[in-house]
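Shown next: query07.txt, given as compact mmCIF, C-alpha atoms.
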```
# COMPACT_ATOMS: atom_id res chain seq x y z
CA MET G 27 0.00 0.00 0.00
CA ALA G 28 2.84 2.39 0.88
CA GLY G 29 4.44 1.78 -2.50
CA SER G 30 1.23 2.55 -4.35
CA ASN G 31 0.75 5.72 -2.32
CA GLY G 32 4.30 6.77 -3.19
CA GLY G 33 3.61 6.10 -6.86
CA ARG G 34 0.45 8.18 -6.79
CA SER G 35 2.30 11.01 -5.02
CA ARG G 36 4.70 11.20 -7.95
CA VAL G 37 2.00 11.37 -10.61
CA GLY G 38 1.17 15.01 -9.85
CA PRO G 39 4.72 16.37 -10.25
CA VAL G 40 5.37 14.25 -13.36
CA LEU G 41 2.16 15.38 -15.03
CA ALA G 42 2.84 19.02 -14.13
CA TRP G 43 6.40 18.76 -15.47
CA VAL G 44 5.23 17.30 -18.78
CA ILE G 45 2.54 19.95 -19.30
CA THR G 46 4.73 22.92 -18.40
CA ARG G 47 7.64 21.67 -20.52
CA ILE G 48 5.41 21.20 -23.54
CA VAL G 49 4.46 24.85 -23.13
CA LEU G 50 8.14 25.85 -22.88
CA LEU G 51 9.01 23.91 -26.02
CA LEU G 52 6.13 25.51 -27.89
CA CYS G 53 7.52 28.90 -26.84
CA VAL G 54 11.10 28.29 -27.97
CA PHE G 55 9.90 26.73 -31.23
CA LYS G 56 7.81 29.90 -31.73
CA VAL G 57 4.43 28.19 -31.97
CA PHE G 58 3.40 31.07 -29.76
CA SER G 59 5.33 33.79 -27.94
CA VAL G 60 5.13 35.69 -24.68
CA SER G 61 6.91 38.74 -26.08
CA PRO G 62 7.91 40.32 -29.41
CA LEU G 63 11.52 40.08 -28.21
CA ASP G 64 13.13 36.88 -29.54
CA VAL G 65 15.10 35.38 -26.66
CA THR G 66 16.19 32.39 -28.76
CA SER G 67 18.53 34.44 -30.94
CA ASP G 68 21.43 33.73 -28.58
CA VAL G 69 21.24 30.08 -29.64
CA SER G 70 20.66 30.57 -33.35
CA ALA G 71 23.23 33.35 -33.75
CA ILE G 72 25.77 33.52 -30.91
CA TYR G 73 25.96 29.87 -29.82
CA HIS G 74 25.88 28.64 -33.39
CA GLY G 75 28.69 31.03 -34.30
CA TRP G 76 30.78 29.73 -31.40
CA TYR G 77 29.98 26.20 -32.50
CA GLU G 78 31.56 26.80 -35.88
CA VAL G 79 34.67 28.36 -34.31
CA LEU G 80 35.05 25.57 -31.73
CA ARG G 81 34.74 22.93 -34.44
CA SER G 82 37.75 24.49 -36.15
CA GLY G 83 39.93 23.60 -33.15
CA THR G 84 40.16 26.85 -31.18
CA PHE G 85 38.20 28.81 -28.63
CA PRO G 86 36.69 32.16 -29.72
CA LEU G 87 39.88 34.02 -28.81
CA HIS G 88 38.85 37.40 -30.17
CA ASP G 89 35.14 37.35 -29.32
CA VAL G 90 34.58 39.43 -26.18
CA THR G 91 31.17 37.80 -25.68
CA TRP G 92 32.90 34.48 -24.94
CA GLN G 93 33.17 34.79 -21.16
CA TYR G 94 32.84 31.20 -20.03
CA PRO G 95 35.17 28.53 -18.62
CA PRO G 96 36.53 26.01 -21.14
CA ALA G 97 34.02 23.20 -20.50
CA ALA G 98 31.30 25.54 -21.81
CA ALA G 99 32.62 24.46 -25.21
CA LEU G 100 31.08 21.05 -24.57
CA ALA G 101 27.64 22.58 -24.02
CA VAL G 102 27.97 24.67 -27.17
CA LEU G 103 29.17 21.67 -29.17
CA SER G 104 26.55 19.29 -27.74
CA PRO G 105 23.95 19.82 -30.53
CA GLY G 106 26.42 18.02 -32.76
CA LEU G 107 25.28 14.85 -30.97
CA LEU G 108 22.01 15.17 -32.88
CA PRO G 109 23.23 15.61 -36.47
CA PHE G 110 19.77 14.84 -37.87
CA LEU G 111 18.50 18.14 -36.39
CA ASP G 112 19.53 21.70 -37.11
CA TYR G 113 21.68 23.35 -34.42
CA THR G 114 18.96 25.41 -32.73
CA THR G 115 16.40 22.60 -32.62
CA ALA G 116 18.96 20.17 -31.22
CA PHE G 117 19.98 22.66 -28.53
CA PHE G 118 16.40 23.11 -27.32
CA TRP G 119 15.83 19.37 -27.08
CA LEU G 120 19.09 18.92 -25.16
CA ALA G 121 18.09 21.73 -22.79
CA CYS G 122 14.81 19.92 -22.20
CA ALA G 123 16.73 16.69 -21.58
CA ALA G 124 18.90 18.44 -18.97
CA ASP G 125 15.71 19.75 -17.36
CA ALA G 126 14.33 16.19 -17.29
CA VAL G 127 17.50 14.84 -15.67
CA THR G 128 17.32 17.52 -12.98
CA PHE G 129 13.67 16.70 -12.35
CA ALA G 130 14.47 12.98 -12.06
CA VAL G 131 17.30 13.63 -9.58
CA LEU G 132 15.06 15.80 -7.43
CA LEU G 133 12.18 13.32 -7.60
CA ARG G 134 14.45 10.51 -6.46
CA GLY G 135 15.95 12.71 -3.76
CA SER G 136 12.50 13.50 -2.38
CA ARG G 137 11.87 9.85 -1.43
CA GLY G 138 12.59 8.38 1.97
CA GLU G 139 12.65 9.38 5.60
CA GLY G 140 13.34 13.03 6.25
CA ARG G 141 12.53 13.94 2.66
CA ARG G 142 9.73 15.88 0.99
CA GLN G 143 8.48 16.85 -2.45
CA ALA G 144 8.58 20.61 -1.92
CA GLY G 145 11.88 20.80 -3.81
CA VAL G 146 10.44 18.92 -6.77
CA TRP G 147 7.61 21.43 -7.00
CA VAL G 148 10.04 24.36 -6.79
CA TRP G 149 11.75 23.02 -9.93
CA VAL G 150 8.51 22.10 -11.71
CA VAL G 151 7.04 25.57 -11.14
CA GLY G 152 10.17 27.72 -11.07
CA VAL G 153 11.69 26.83 -14.44
CA PRO G 154 8.65 27.67 -16.62
CA LEU G 155 8.20 30.91 -14.66
CA LEU G 156 11.34 32.10 -16.46
CA GLY G 157 9.68 31.53 -19.82
CA PRO G 158 11.57 30.59 -23.00
CA THR G 159 14.84 31.94 -21.59
CA ALA G 160 15.06 28.73 -19.56
CA TYR G 161 15.71 26.66 -22.70
CA ALA G 162 17.45 29.37 -24.73
CA ARG G 163 20.62 29.42 -22.59
CA TYR G 164 22.93 26.62 -21.51
CA ASP G 165 22.48 27.38 -17.78
CA VAL G 166 19.91 24.61 -17.39
CA MET G 167 22.63 22.14 -18.41
CA VAL G 168 25.03 23.51 -15.80
CA THR G 169 22.33 23.40 -13.14
CA ALA G 170 21.59 19.76 -13.96
CA VAL G 171 25.19 18.82 -13.13
CA ALA G 172 25.17 20.96 -9.97
CA VAL G 173 21.89 19.49 -8.72
CA ALA G 174 23.18 15.96 -9.32
CA ALA G 175 26.36 16.75 -7.37
CA MET G 176 24.68 17.80 -4.13
CA PRO G 177 22.99 14.48 -3.16
CA ALA G 178 26.18 12.66 -4.13
CA THR G 179 28.11 14.50 -1.39
CA VAL G 180 26.41 12.22 1.15
CA ARG G 181 27.19 8.76 -0.23
CA ARG G 182 29.54 9.22 -3.18
CA PRO G 183 31.96 11.99 -2.19
CA LYS G 184 34.46 11.38 -4.99
CA VAL G 185 31.71 11.45 -7.61
CA ALA G 186 30.33 14.62 -6.02
CA GLY G 187 33.73 16.31 -6.17
CA ALA G 188 34.17 15.40 -9.81
CA LEU G 189 30.70 16.68 -10.69
CA ILE G 190 31.28 19.97 -8.86
CA ALA G 191 34.58 20.44 -10.69
CA PHE G 192 32.98 19.71 -14.05
CA ALA G 193 30.07 22.07 -13.33
CA ALA G 194 32.51 24.81 -12.29
CA MET G 195 34.35 24.32 -15.58
CA LEU G 196 31.04 24.82 -17.36
CA LYS G 197 30.22 28.01 -15.48
CA VAL G 198 32.18 29.16 -12.44
CA TRP G 199 29.36 29.49 -9.88
CA PRO G 200 29.06 25.75 -8.97
CA VAL G 201 32.37 25.98 -7.09
CA LEU G 202 30.20 27.56 -4.37
CA LEU G 203 28.62 24.17 -3.75
CA LEU G 204 31.70 23.38 -1.65
CA THR G 205 30.82 26.13 0.85
CA GLY G 206 29.22 23.86 3.43
CA VAL G 207 30.87 20.55 2.55
CA ARG G 208 33.01 19.14 5.36
CA ASP G 209 34.04 15.85 3.75
CA ARG G 210 37.67 16.18 2.66
CA ARG G 211 37.14 13.52 0.01
CA VAL G 212 34.73 15.82 -1.83
CA TRP G 213 37.22 18.69 -1.73
CA ALA G 214 40.12 16.47 -2.82
CA ALA G 215 38.14 15.02 -5.72
CA ALA G 216 36.98 18.48 -6.77
CA VAL G 217 40.49 19.95 -6.74
CA ALA G 218 42.01 16.97 -8.55
CA SER G 219 39.25 16.86 -11.17
CA ALA G 220 39.46 20.61 -11.77
CA ALA G 221 43.22 20.38 -12.26
CA VAL G 222 42.88 17.51 -14.73
CA LEU G 223 40.11 19.27 -16.65
CA ALA G 224 41.98 22.58 -16.75
CA LEU G 225 45.14 20.90 -18.02
CA GLY G 226 43.18 18.91 -20.57
CA PHE G 227 41.43 21.96 -22.00
CA TRP G 228 44.67 23.97 -22.00
CA LEU G 229 46.35 21.24 -24.03
CA TRP G 230 43.29 20.58 -26.20
CA MET G 231 43.16 23.86 -28.04
CA PRO G 232 44.34 27.47 -27.62
CA GLY G 233 42.40 30.13 -25.76
CA ALA G 234 40.87 27.97 -23.04
CA PHE G 235 41.25 30.73 -20.44
CA ALA G 236 40.89 33.84 -22.56
CA PHE G 237 37.49 34.32 -20.93
CA LEU G 238 39.17 35.60 -17.75
CA ARG G 239 40.27 38.82 -19.44
CA PHE G 240 36.88 39.45 -21.06
CA GLN G 241 35.00 38.74 -17.84
CA GLY G 242 37.11 41.18 -15.88
CA GLU G 243 36.29 44.04 -18.25
CA ARG G 244 32.52 43.87 -17.85
CA GLY G 245 30.61 46.83 -16.45
CA THR G 246 27.26 47.28 -14.68
CA GLU G 247 24.50 45.37 -16.45
CA ILE G 248 21.13 47.15 -16.51
CA GLU G 249 19.31 44.46 -14.50
CA SER G 250 21.80 44.25 -11.66
CA LEU G 251 21.35 45.63 -8.16
CA GLY G 252 23.87 48.41 -8.79
CA SER G 253 22.13 49.45 -12.00
CA LEU G 254 19.28 50.95 -9.98
CA VAL G 255 21.57 53.90 -9.20
CA PHE G 256 21.74 54.80 -12.88
CA HIS G 257 18.11 54.02 -13.65
CA PHE G 258 17.17 56.71 -11.13
CA ALA G 259 20.08 58.98 -12.10
CA ARG G 260 18.93 59.10 -15.75
CA HIS G 261 15.88 61.03 -14.55
CA HIS G 262 18.13 63.59 -12.83
CA GLY G 263 20.58 64.54 -15.55
CA TRP G 264 23.09 61.70 -15.52
CA GLN G 265 24.94 61.78 -18.84
CA GLY G 266 25.51 58.13 -19.58
CA GLN G 267 24.44 55.55 -22.13
CA VAL G 268 22.86 52.12 -22.34
CA LEU G 269 24.77 49.98 -24.85
CA LEU G 270 25.40 46.35 -25.73
CA ASN G 271 28.81 45.77 -24.19
CA TYR G 272 30.68 42.49 -23.65
CA GLY G 273 27.60 40.46 -24.45
CA SER G 274 25.10 42.23 -22.21
CA VAL G 275 23.20 45.52 -22.10
CA GLU G 276 25.17 47.75 -19.72
CA PHE G 277 25.37 51.28 -18.45
CA LEU G 278 28.40 53.21 -19.70
CA GLY G 279 29.39 56.64 -18.48
CA PRO G 280 30.35 58.61 -15.36
CA TYR G 281 30.58 56.68 -12.07
CA VAL G 282 29.84 53.29 -13.67
CA GLY G 283 33.29 52.08 -12.69
CA LEU G 284 32.69 53.16 -9.10
CA VAL G 285 29.37 51.32 -8.87
CA SER G 286 30.97 48.21 -10.41
CA ASP G 287 33.73 48.38 -7.79
CA ILE G 288 31.12 48.67 -5.03
CA ALA G 289 29.36 45.58 -6.41
CA LEU G 290 32.66 43.71 -6.34
CA THR G 291 33.21 44.88 -2.76
CA LEU G 292 29.79 43.54 -1.80
CA THR G 293 30.66 40.18 -3.34
CA VAL G 294 33.95 40.07 -1.41
CA THR G 295 32.06 41.01 1.76
CA ALA G 296 29.58 38.22 1.16
CA PHE G 297 32.41 35.73 0.76
CA ALA G 298 34.01 37.06 3.96
CA TRP G 299 30.71 36.46 5.79
CA LEU G 300 30.57 32.91 4.43
CA LEU G 301 34.12 32.32 5.67
CA LEU G 302 33.18 33.70 9.09
CA TRP G 303 30.12 31.45 9.16
CA ARG G 304 32.24 28.44 8.30
CA VAL G 305 34.72 29.22 11.08
CA ARG G 306 32.03 29.94 13.67
CA ALA G 307 29.58 27.15 12.78
CA ARG G 308 29.49 24.47 15.45
CA THR G 309 26.60 22.13 14.72
CA LEU G 310 25.88 20.67 11.31
CA GLY G 311 22.80 18.81 10.21
CA ALA G 312 22.16 16.77 7.09
CA ALA G 313 20.72 19.82 5.30
CA THR G 314 23.57 22.20 6.14
CA PRO G 315 25.69 21.63 2.97
CA PHE G 316 22.57 22.14 0.84
CA ASP G 317 21.49 25.28 2.69
CA ALA G 318 25.01 26.70 2.61
CA ALA G 319 25.32 26.11 -1.15
CA PHE G 320 22.01 27.83 -1.81
CA THR G 321 22.97 30.78 0.40
CA ALA G 322 26.37 31.16 -1.27
CA VAL G 323 24.95 31.09 -4.80
CA LEU G 324 22.21 33.53 -3.76
CA LEU G 325 24.78 35.99 -2.36
CA PHE G 326 27.01 35.65 -5.42
CA THR G 327 24.12 36.25 -7.81
CA THR G 328 22.57 39.19 -5.97
CA THR G 329 25.81 41.13 -5.49
CA SER G 330 27.08 40.50 -9.03
CA ARG G 331 27.60 43.29 -11.55
CA VAL G 332 25.40 41.23 -13.86
CA ILE G 333 22.07 39.56 -13.06
CA SER G 334 21.06 38.03 -16.34
CA PRO G 335 17.60 36.41 -16.35
CA GLN G 336 19.03 32.92 -16.82
CA TYR G 337 20.87 33.22 -13.51
CA MET G 338 17.54 32.53 -11.82
CA ILE G 339 17.84 28.93 -13.04
CA TRP G 340 20.82 28.49 -10.70
CA LEU G 341 18.82 29.73 -7.73
CA ILE G 342 15.78 27.63 -8.58
CA GLY G 343 17.98 24.53 -8.81
CA MET G 344 19.74 25.13 -5.50
CA ALA G 345 16.49 26.03 -3.75
CA ALA G 346 14.91 22.84 -5.08
CA VAL G 347 17.76 20.70 -3.73
CA CYS G 348 17.37 22.28 -0.28
CA LEU G 349 13.65 21.70 -0.10
CA THR G 350 13.92 17.98 -0.78
CA LEU G 351 15.04 17.82 2.86
CA ARG G 352 12.63 18.43 5.73
CA ALA G 353 15.51 19.69 7.85
CA SER G 354 16.25 22.59 5.49
CA VAL G 355 15.58 26.06 6.88
CA MET G 356 15.45 27.69 3.44
CA ALA G 357 11.73 27.44 2.66
CA LEU G 358 11.07 31.19 2.90
CA PRO G 359 14.15 32.30 0.89
CA ALA G 360 13.27 29.66 -1.71
CA GLY G 361 9.75 31.06 -1.97
CA LEU G 362 11.17 34.56 -2.47
CA VAL G 363 13.41 33.25 -5.27
CA VAL G 364 10.41 31.68 -7.02
CA ALA G 365 8.56 35.01 -6.73
CA ALA G 366 11.62 36.87 -8.08
CA THR G 367 11.70 34.48 -11.04
CA ALA G 368 8.10 35.31 -11.90
CA VAL G 369 8.93 39.03 -11.81
CA THR G 370 11.99 38.35 -13.98
CA LEU G 371 9.81 36.95 -16.77
CA TYR G 372 7.75 40.14 -16.79
CA GLU G 373 10.94 42.22 -16.70
CA PHE G 374 12.61 40.15 -19.44
CA PRO G 375 11.52 39.71 -22.12
CA ILE G 376 7.97 41.06 -21.73
CA ARG G 377 8.78 44.61 -20.56
CA PHE G 378 12.49 44.77 -21.35
CA GLY G 379 11.97 47.94 -23.37
CA ASP G 380 10.81 49.65 -20.17
CA VAL G 381 13.93 48.45 -18.38
CA VAL G 382 16.24 49.68 -21.13
CA GLY G 383 14.43 53.02 -21.17
CA SER G 384 14.40 53.33 -17.35
CA SER G 385 10.65 53.96 -17.40
CA PRO G 386 8.76 54.03 -14.08
CA LEU G 387 7.44 50.52 -14.80
CA GLY G 388 10.89 49.21 -15.69
CA ILE G 389 12.41 50.66 -12.52
CA THR G 390 9.56 49.29 -10.41
CA LEU G 391 10.08 45.79 -11.80
CA LEU G 392 13.80 45.91 -11.05
CA VAL G 393 13.24 47.26 -7.54
CA LEU G 394 10.75 44.46 -6.89
CA ARG G 395 12.85 41.64 -8.37
CA ASN G 396 16.14 42.77 -6.83
CA GLY G 397 14.40 43.61 -3.56
CA LEU G 398 13.10 40.04 -3.36
CA LEU G 399 16.62 38.73 -3.94
CA VAL G 400 18.10 41.00 -1.26
CA ALA G 401 15.40 39.89 1.21
CA ALA G 402 16.11 36.26 0.34
CA CYS G 403 19.83 36.85 0.98
CA LEU G 404 19.29 38.40 4.40
CA ILE G 405 16.85 35.72 5.53
CA ALA G 406 19.00 32.88 4.19
CA CYS G 407 22.10 34.22 5.97
CA ARG G 408 20.23 34.63 9.23
CA ARG G 409 18.75 31.15 9.08
CA LEU G 410 22.01 29.48 8.09
CA TRP G 411 23.82 31.20 10.96
CA THR G 412 21.26 30.39 13.62
CA ALA G 413 20.78 26.80 12.44
CA THR G 414 24.47 25.97 12.89
CA ALA G 415 25.54 28.06 15.89
CA ARG G 416 25.21 26.85 19.45
CA ASP G 417 25.29 30.47 20.53
CA PRO G 418 23.34 32.52 17.94
CA GLY G 419 25.03 35.71 19.14
CA PRO G 420 23.35 38.82 17.69
CA PHE G 421 20.86 36.76 15.68
CA PRO G 422 17.62 35.58 17.29
CA ALA G 423 16.56 32.02 16.56
CA ALA G 424 15.14 31.54 13.08
CA PRO G 425 11.46 30.66 12.91
CA ALA G 426 10.80 27.06 12.00
CA ASP G 427 9.34 26.21 8.60
CA ARG G 428 7.47 23.29 10.14
CA PRO G 429 6.51 21.88 13.55
CA ALA G 430 9.40 21.31 15.91
CA SER G 431 8.62 17.60 16.07
CA GLU G 432 9.59 17.29 12.40
CA THR G 433 12.94 19.05 12.80
CA GLU G 434 14.41 16.95 15.59
CA PRO G 435 17.48 15.09 14.35
CA GLU G 436 17.33 11.33 14.31
CA PRO G 437 20.28 8.99 14.86
CA ASP G 438 19.87 7.19 11.54
CA GLY G 439 20.26 7.75 7.83
CA GLY G 440 23.03 10.32 8.32
CA ARG G 441 20.62 12.83 9.88
CA GLU G 442 22.40 13.10 13.22
CA LEU G 443 24.02 16.40 14.05
CA LEU G 444 27.70 16.58 13.30
CA THR G 445 30.36 18.64 15.02
CA TRP G 446 32.39 20.64 12.55
```
As structure tokens, the full file:
Amino acid sequence: MAGSNGGRSRVGPVLAWVITRIVLLLCVFKVFSVSPLDVTSDVSAIYHGWYEVLRSGTFPLHDVTWQYPPAAALAVLSPGLLPFLDYTTAFFWLACAADAVTFAVLLRGSRGEGRRQAGVWVWVVGVPLLGPTAYARYDVMVTAVAVAAMPATVRRPKVAGALIAFAAMLKVWPVLLLTGVRDRRVWAAAVASAAVLALGFWLWMPGAFAFLRFQGERGTEIESLGSLVFHFARHHGWQGQVLLNYGSVEFLGPYVGLVSDIALTLTVTAFAWLLLWRVRARTLGAATPFDAAFTAVLLFTTTSRVISPQYMIWLIGMAAVCLTLRASVMALPAGLVVAATAVTLYEFPIRFGDVVGSSPLGITLLVLRNGLLVAACLIACRRLWTATARDPGPFPAAPADRPASETEPEPDGGRELLTW
């Protein structure tokens, strides 16, 4: 009877995933659209152009829009696995396949004692809330690897380390998954795998690390937290411009460098806080590595000079992993991320013209979306700190997301509290 009940409980998420992904595919294949702005052009034009260059045996050395670690070449080249389809069509189907893998990992991870399906629903609902952008960028592929790595940290540490290293070589942010990991085997496997991959790509073809120079020269993108300064300043005589620069729409002009430096300072401060948390944390539960990874990625994303819409996929994935565990304290921040994703769809692509023009509506959407992310950061930091500190210090105890009887650690299944 229990098995049949478990089977029935999975029918709802599976059916919802199938329906919502059919809608996403219809969007990217332009059966219908949510906006006049074509968000799939990155695949058909930019990615396809990189594909041709990469096939010639070199990275795009002189293309400033190539700002990705070397393993990103594998994602760009992956449509070649489906030679019977044109490049763009193959890419969309592979993005959907990565989505399906992520869903399967989360569904499996939601089974068993101390688990729940809330994380599955975060993924099922959160991804389509981003609209066609979800399948028109390779971030869903990176997130699939990152999501698969987190459960592996418990029982297969070497596999987890290798997956984290590979994901970080696809797009740097997954290195943050190590934030709350205490198992030295995961760290050792991650470092060794990253070294092997870096050497392999360096020997494979020239330009593997040219992206570092291009990435360092980026400015303040018009959807970032810091961009709000210039959105308001444009209405008070600021003499700057909005231009396509280094692959994104950015503000250029007076004080942009200063605001970019402040954003970088905020990111460094966030990392310093994470280091302080790691040093001060005393009591770890089974959900701590998951909660710490989500918090770290959330801080990195929110304080970045660039908050591209597809970055929300990272947050949805990490939030989903957290909420497969009943012990996670990230339910409220995860809910705020889902809400921010919904606002992001309205901001891009539906009302992106208002954002570019700094209209009252465009500014309001950015204030709302970025405000939700800032609130999620503050709450996530507070809850992570109080959940792992014997003496909460200046922070009061975080409110529980569920009855206390459900949060008590049990001495089985790896759920016991661990001393760091």
Contact residues around Val44 of chain G with all atoms listed in the file at 12 Å, ignoring same-chain residues under 6 positions, as an NGL selection string: :G and (37-38 or 50-51 or 122-123 or 125-126 or 129 or 150-151 or 154)
Spatial sel., origin (11.8, 13.0, -6.4), limit 12 Å, only C-alpha atoms, listed as a VMD selection string: chain G and resid 32 to 33 35 to 40 126 to 138 141 to 150 177 346 to 347 349 to 351
Quick one: write out the picked residues with C-alpha atoms as a short mmCIF file (atom, residue, chain, number, x, y, z; two decimals), in the frame of the given file?
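Final file, again12.cif:
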```
data_model
loop_
_atom_site.label_atom_id
_atom_site.label_comp_id
_atom_site.auth_asym_id
_atom_site.auth_seq_id
_atom_site.Cartn_x
_atom_site.Cartn_y
_atom_site.Cartn_z
CA GLY G 32 4.30 6.77 -3.19
CA GLY G 33 3.61 6.10 -6.86
CA SER G 35 2.30 11.01 -5.02
CA ARG G 36 4.70 11.20 -7.95
CA VAL G 37 2.00 11.37 -10.61
CA GLY G 38 1.17 15.01 -9.85
CA PRO G 39 4.72 16.37 -10.25
CA VAL G 40 5.37 14.25 -13.36
CA ALA G 126 14.33 16.19 -17.29
CA VAL G 127 17.50 14.84 -15.67
CA THR G 128 17.32 17.52 -12.98
CA PHE G 129 13.67 16.70 -12.35
CA ALA G 130 14.47 12.98 -12.06
CA VAL G 131 17.30 13.63 -9.58
CA LEU G 132 15.06 15.80 -7.43
CA LEU G 133 12.18 13.32 -7.60
CA ARG G 134 14.45 10.51 -6.46
CA GLY G 135 15.95 12.71 -3.76
CA SER G 136 12.50 13.50 -2.38
CA ARG G 137 11.87 9.85 -1.43
CA GLY G 138 12.59 8.38 1.97
CA ARG G 141 12.53 13.94 2.66
CA ARG G 142 9.73 15.88 0.99
CA GLN G 143 8.48 16.85 -2.45
CA ALA G 144 8.58 20.61 -1.92
CA GLY G 145 11.88 20.80 -3.81
CA VAL G 146 10.44 18.92 -6.77
CA TRP G 147 7.61 21.43 -7.00
CA VAL G 148 10.04 24.36 -6.79
CA TRP G 149 11.75 23.02 -9.93
CA VAL G 150 8.51 22.10 -11.71
CA PRO G 177 22.99 14.48 -3.16
CA ALA G 346 14.91 22.84 -5.08
CA VAL G 347 17.76 20.70 -3.73
CA LEU G 349 13.65 21.70 -0.10
CA THR G 350 13.92 17.98 -0.78
CA LEU G 351 15.04 17.82 2.86
#
```
Interatomic distance, atom CA of Leu394 of chain G to atom CA of Ala322 of chain G (Å, one decimal):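 Pair atom CA of Leu394 of chain G / atom CA of Ala322 of chain G returns 21.3 Å.
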Segment 399-415 of chain G environment, 7 Å, all atoms listed in the file, sequence neighbours closer than 6 positions dropped, as a PyMOL selection string: chain G and resi 303+307-310+317-318+321+324-325+328+355-356+359+362-363+366+421+423-424
Atom-to-atom span, atom CA of Leu63 of chain G and atom CA of Ser253 of chain G, Å: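 Atom CA of Ser253 of chain G lies 21.5 Å from atom CA of Leu63 of chain G.
Remark: for Pro386 of chain G, the closest of the candidate residues G:Ala357, G:Val305, G:Leu254, G:Val60 is G:Leu254 (distances computed over all atoms listed in the file).
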d(atom CA of Leu204 of chain G, atom CA of Arg306 of chain G) in Å: 16.7 Å
Near-Thr179 of chain G list (10 Å; only C-alpha atoms; drop same-chain fewer than 2 positions) as a ChimeraX atom specification: /G:174-177,181-187,189-190,203-204,207-209,211-212,315-316
Within-10 Å shell of (13.7, 42.4, -20.3) in input frame, all atoms listed in the file, as a VMD selection string: chain G and resid 61 63 65 248 to 249 334 to 335 370 to 382 388 391 to 392
Minimum-distance residue to Phe227 of chain G, chosen among G:Ala368, G:Met195, G:Ile72, G:Val90 (using all atoms listed in the file): G:Met195
Report, as AutoDock Vina command-line options, the axis-aligned box around all atoms of segment 333-350 of chain G present in the file, extended by 6 Å on each side; give centre and edge lengths in Å to one decimal place.
```
--center_x 17.9 --center_y 28.8 --center_z -8.5 --size_x 20.4 --size_y 33.6 --size_z 28.7
```
Residue nearest Pro95 of chain G - candidates G:Val79, G:Ala116, G:Ala216, G:Ala193, atoms counted: only C-alpha atoms: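 Closest candidate: G:Ala193.
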Nearest-residue call for Ala296 of chain G, choices G:Leu358, G:Ala236, G:Ile333, G:Val323, using only C-alpha atoms: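 Result for the nearest residue to Ala296 of chain G: G:Val323.
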Exercise: Thr329 of chain G partners within 6 Å, all atoms listed in the file, chain neighbours under 4 positions left out, as a ChimeraX atom specification: /G:289,292-293
